[in-house]
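Written out below as structure tokens is the structure these notes cover.
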Amino acid sequence: MKKIILLFCSAAILLLGCGFVRIGENSPELTKGHWFGGSPLKLHEMRGKKMVAILFWQSGGTGVRAVQQFLRTALMFRNRPVAFVAVGKGSAKELMKLPFSKQGDVSMLADVNGNNAARLLRKENPLPYAILIGKDGKLMWRGSVGKIPAAINSIEKGRYNLAKVRHEDDFNAAFAGMVTKSDFKGALALLEKELERKDANHREIVSLQVGIYFRRLNSPEGALKVLHKAQERFPRTAAYYEMELKLLELGNMTGKMGEFYFRLTAMFKNDPGILLKFVTYEMNRPMDKMSPRNIYMISRAAANAGKYRDKKEQGRALIYYAQSLYCLGRVDLAVKVAERALKFLKNTAEYKQAADVTGFYRNLVKFAPEIKE
């Protein structure tokens, strides 16, 4: 689950077991296992010397891929003060059959019953999952294997905020616990409270709200209301419009597309970069999904937008508009717009292709009257 921040820790604390290691507390030693790859590692010996990255995993496709990614990360940091340990759930005999079991840069520990994971991970954390232990021996971070490099860099560069990370970890546990118990009302309330925090990751919170309404409660309309509320609260955030477009498709609400593009073009009328993203999306749809009206609305808005970054962006907007006019059967207008685009695309890599397209449109206009069928 992506990072989110906790408003009130008390709700999460109720989910924690006695003796559970929270972020910022001393980490216990790794015990009750068999070292079968690399060198055995004692956490207390790393104090003052190295951070320790630990991946908890179990055999299977997802686990194997996680270990392979973990090994690549270890290679990236081989000259940095970080030790890497892969703790696999299962017997050493079983795990030693895997091709990476003798990787020298990473210590490998077989933990038959998953005792170490039970102490250092939350019950809501699905394997594979990783942790970071600081040079002071304290648990610093929990998360997915792909986020290990960013977490290490954050700690090394002094950007690490212990209180924030601890709150994020507690919130993830509280939220995951509610979802597991199908307490979606409680989960939505928790997310709504979280939106009040200025430093919260609002996009991720809104995405989780949408996911609960759409996938858990089977309510596309409820998800749509969440997005409209987010758009009102954060009007210049294009991500909420991208979410809405995807939702309209997945929720079989394509009849609302026209009204959606009307709002989009009004909001971003001076932001051609954002409008061009939606133009590209619409132009690349399968033919049976294309809407002439929507294509015209969004491409025309991009072509007439203000505040272009440079002439190249304005030329791109115009050539897309010309292509939409061609697709809509107005080749005569497409020629005029394409010729305007050439003036802005001169001395760019896109010029030749745009010139070829313009020439084709001109030939079509000349040839069309010859058709007498």
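Convention: chains lettered A, B, ... in structure tokens order; per-chain residue numbering from 1; ligands numbered from 1 as shown.
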Run DSSP on the backbone of this structure and report the residues of segment 209-320 of chain A it assigns to alpha helix (DSSP H), as a compact mmCIF listing (two decimals) with C-alpha atoms, in the first residue's frame.
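Printed below is states-v8.txt as written:
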```
# COMPACT_ATOMS: atom_id res chain seq x y z
CA GLN A 209 -11.41 6.57 -1.55
CA VAL A 210 -12.26 5.99 -5.21
CA GLY A 211 -11.05 2.39 -4.95
CA PRO A 220 -19.18 4.19 -9.51
CA GLU A 221 -21.42 7.14 -8.68
CA GLY A 222 -20.00 7.30 -5.17
CA ALA A 223 -16.47 7.27 -6.59
CA LEU A 224 -17.44 10.03 -9.02
CA LYS A 225 -18.67 12.22 -6.16
CA VAL A 226 -15.32 11.76 -4.42
CA LEU A 227 -13.47 12.97 -7.51
CA HIS A 228 -15.76 15.96 -8.04
CA LYS A 229 -15.21 16.97 -4.43
CA ALA A 230 -11.44 16.61 -4.86
CA GLN A 231 -11.55 18.71 -8.03
CA GLU A 232 -13.35 21.47 -6.14
CA ARG A 233 -10.86 21.31 -3.30
CA ALA A 238 -4.91 17.22 -13.36
CA ALA A 239 -4.56 13.79 -11.74
CA TYR A 240 -8.15 13.95 -10.47
CA TYR A 241 -9.42 14.50 -14.00
CA GLU A 242 -7.32 11.59 -15.24
CA MET A 243 -8.87 9.42 -12.52
CA GLU A 244 -12.35 10.58 -13.53
CA LEU A 245 -11.79 9.74 -17.20
CA LYS A 246 -10.69 6.23 -16.27
CA LEU A 247 -13.63 5.86 -13.90
CA LEU A 248 -16.14 6.93 -16.57
CA GLU A 249 -14.83 4.17 -18.81
CA LEU A 250 -14.59 1.42 -16.21
CA MET A 257 -17.80 12.26 -21.26
CA GLY A 258 -19.10 15.40 -22.97
CA GLU A 259 -19.80 17.18 -19.70
CA PHE A 260 -16.42 15.98 -18.40
CA TYR A 261 -14.51 17.51 -21.30
CA PHE A 262 -16.50 20.73 -21.00
CA ARG A 263 -15.29 21.11 -17.40
CA LEU A 264 -11.75 20.01 -18.27
CA THR A 265 -11.29 22.50 -21.10
CA ALA A 266 -12.71 25.31 -18.96
CA MET A 267 -10.37 24.52 -16.08
CA PRO A 272 -1.98 23.28 -23.28
CA GLY A 273 0.40 20.67 -21.87
CA ILE A 274 -2.40 19.06 -19.87
CA LEU A 275 -4.93 19.40 -22.67
CA LEU A 276 -2.54 17.71 -25.12
CA LYS A 277 -2.35 14.66 -22.86
CA PHE A 278 -6.09 14.20 -23.18
CA VAL A 279 -5.99 14.91 -26.92
CA THR A 280 -3.42 12.15 -27.37
CA TYR A 281 -5.53 9.80 -25.28
CA GLU A 282 -8.68 10.45 -27.32
CA MET A 283 -6.90 10.21 -30.68
CA PRO A 292 -16.11 13.09 -32.76
CA ARG A 293 -17.57 15.78 -30.52
CA ASN A 294 -15.15 15.10 -27.67
CA ILE A 295 -12.14 14.93 -29.99
CA TYR A 296 -13.09 18.26 -31.53
CA MET A 297 -13.72 19.92 -28.16
CA ILE A 298 -10.45 18.94 -26.53
CA SER A 299 -8.19 19.36 -29.59
CA ARG A 300 -9.64 22.79 -30.41
CA ALA A 301 -9.14 23.88 -26.79
CA ALA A 302 -5.48 22.80 -26.91
CA ALA A 303 -4.94 24.62 -30.22
CA LYS A 311 6.71 27.53 -30.28
CA LYS A 312 7.19 23.77 -30.48
CA GLU A 313 4.37 23.09 -28.02
CA GLN A 314 2.08 25.47 -29.91
CA GLY A 315 2.95 23.73 -33.18
CA ARG A 316 2.20 20.33 -31.67
CA ALA A 317 -1.17 21.57 -30.44
CA LEU A 318 -2.03 22.86 -33.89
CA ILE A 319 -0.96 19.69 -35.73
CA TYR A 320 -3.07 17.59 -33.36
```
Each segment 84-191 of chain A residue no farther than 12 Å from segment 213-217 of chain A, nearest pair in Å, only C-alpha atoms, as JSON lines:
```
{"residue": "A:Val179", "atom": "CA", "partner": "A:Arg216", "partner_atom": "CA", "distance": 9.1}
{"residue": "A:Thr180", "atom": "CA", "partner": "A:Arg216", "partner_atom": "CA", "distance": 11.1}
{"residue": "A:Lys181", "atom": "CA", "partner": "A:Arg216", "partner_atom": "CA", "distance": 11.9}
{"residue": "A:Ser182", "atom": "CA", "partner": "A:Arg216", "partner_atom": "CA", "distance": 8.5}
{"residue": "A:Asp183", "atom": "CA", "partner": "A:Arg216", "partner_atom": "CA", "distance": 10.4}
{"residue": "A:Phe184", "atom": "CA", "partner": "A:Arg216", "partner_atom": "CA", "distance": 7.9}
{"residue": "A:Lys185", "atom": "CA", "partner": "A:Leu217", "partner_atom": "CA", "distance": 10.0}
{"residue": "A:Ala187", "atom": "CA", "partner": "A:Tyr213", "partner_atom": "CA", "distance": 10.9}
{"residue": "A:Leu188", "atom": "CA", "partner": "A:Tyr213", "partner_atom": "CA", "distance": 9.0}
```
| query | atom CA of Arg47 of chain A to atom CA of Phe77 of chain A: how many Å, to one decimal? | reply | 17.8 Å
| note | What separates atom CA of Val165 of chain A and atom CA of Ala151 of chain A is a distance of 10.2 Å
| task | Please report, as an MDAnalysis selection string, each residue of segment 123-289 of chain A to which DSSP assigns strand (DSSP E or B) when run on this structure's backbone. | result | chainID A and resid 129:133 138:143
Closest atom pairs, residues of segment 36-63 of chain A within 7 Å of segment 97-118 of chain A, only C-alpha atoms, as a tab-separated table:
```
residue	atom	partner	partner_atom	distance
A:Phe36	CA	A:Met108	CA	5.7
A:Gly37	CA	A:Met108	CA	4.5
A:Gly38	CA	A:Ser107	CA	4.2
A:Ser39	CA	A:Ser107	CA	5.3
A:Pro40	CA	A:Ser107	CA	6.3
A:Phe56	CA	A:Ala117	CA	6.4
```
Output N, CA and C atoms of each residue in that selection to a file, as a tab-separated table (two decimals), in the first residue's frame.
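Output file selection-v2.tsv follows:
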```
chain	number	residue	atom	x	y	z
A	36	PHE	N	21.89	-19.61	5.05
A	36	PHE	CA	22.27	-20.51	3.96
A	36	PHE	C	22.92	-19.79	2.78
A	37	GLY	N	23.05	-18.48	2.83
A	37	GLY	CA	23.67	-17.73	1.75
A	37	GLY	C	24.32	-16.49	2.29
A	38	GLY	N	25.41	-16.05	1.67
A	38	GLY	CA	26.11	-14.89	2.16
A	38	GLY	C	26.73	-15.19	3.52
A	39	SER	N	26.86	-14.15	4.34
A	39	SER	CA	27.45	-14.32	5.67
A	39	SER	C	26.40	-14.06	6.74
A	40	PRO	N	26.41	-14.83	7.83
A	40	PRO	CA	25.48	-14.56	8.93
A	40	PRO	C	25.67	-13.13	9.42
A	56	PHE	N	11.59	-9.52	3.77
A	56	PHE	CA	10.88	-10.73	4.21
A	56	PHE	C	10.07	-11.24	3.02
```
| task | Please identify all polymer residues within 9 Å of segment 121-134 of chain A, counting only C-alpha atoms, omitting same-chain residues fewer than 4 positions from it, and present them as a VMD selection string. | result | chain A and resid 1 16 20 to 21 26 to 27 43 47 to 48 50 to 58 62 to 63 66 to 67 116 to 117 138 to 145 147 to 148 151 to 152 155 172 to 174 176 to 177 180
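Atom pair atom CA of Asp356 of chain A / atom CA of Val337 of chain A: separated by 13.9 Å.
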| task | Within 12 Å of Arg330 of chain A, counting only C-alpha atoms, which residues show up once you throw out same-chain ones fewer than 6 positions away? Write them as number ranges by chain, please. | result | A: 292, 296, 321-324, 336-337, 361-362, 364-365, 368
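The shortest atom-to-atom distance to Arg197 of chain A, with only C-alpha atoms taken into account, belongs to A:Lys164 out of A:His34, A:Arg236, A:Lys164, A:Lys42.
Proximity of A:Ala338, A:Asp169, A:Phe234, A:Ile371 to Gln353 of chain A, computed with only C-alpha atoms, is greatest for A:Ala338.
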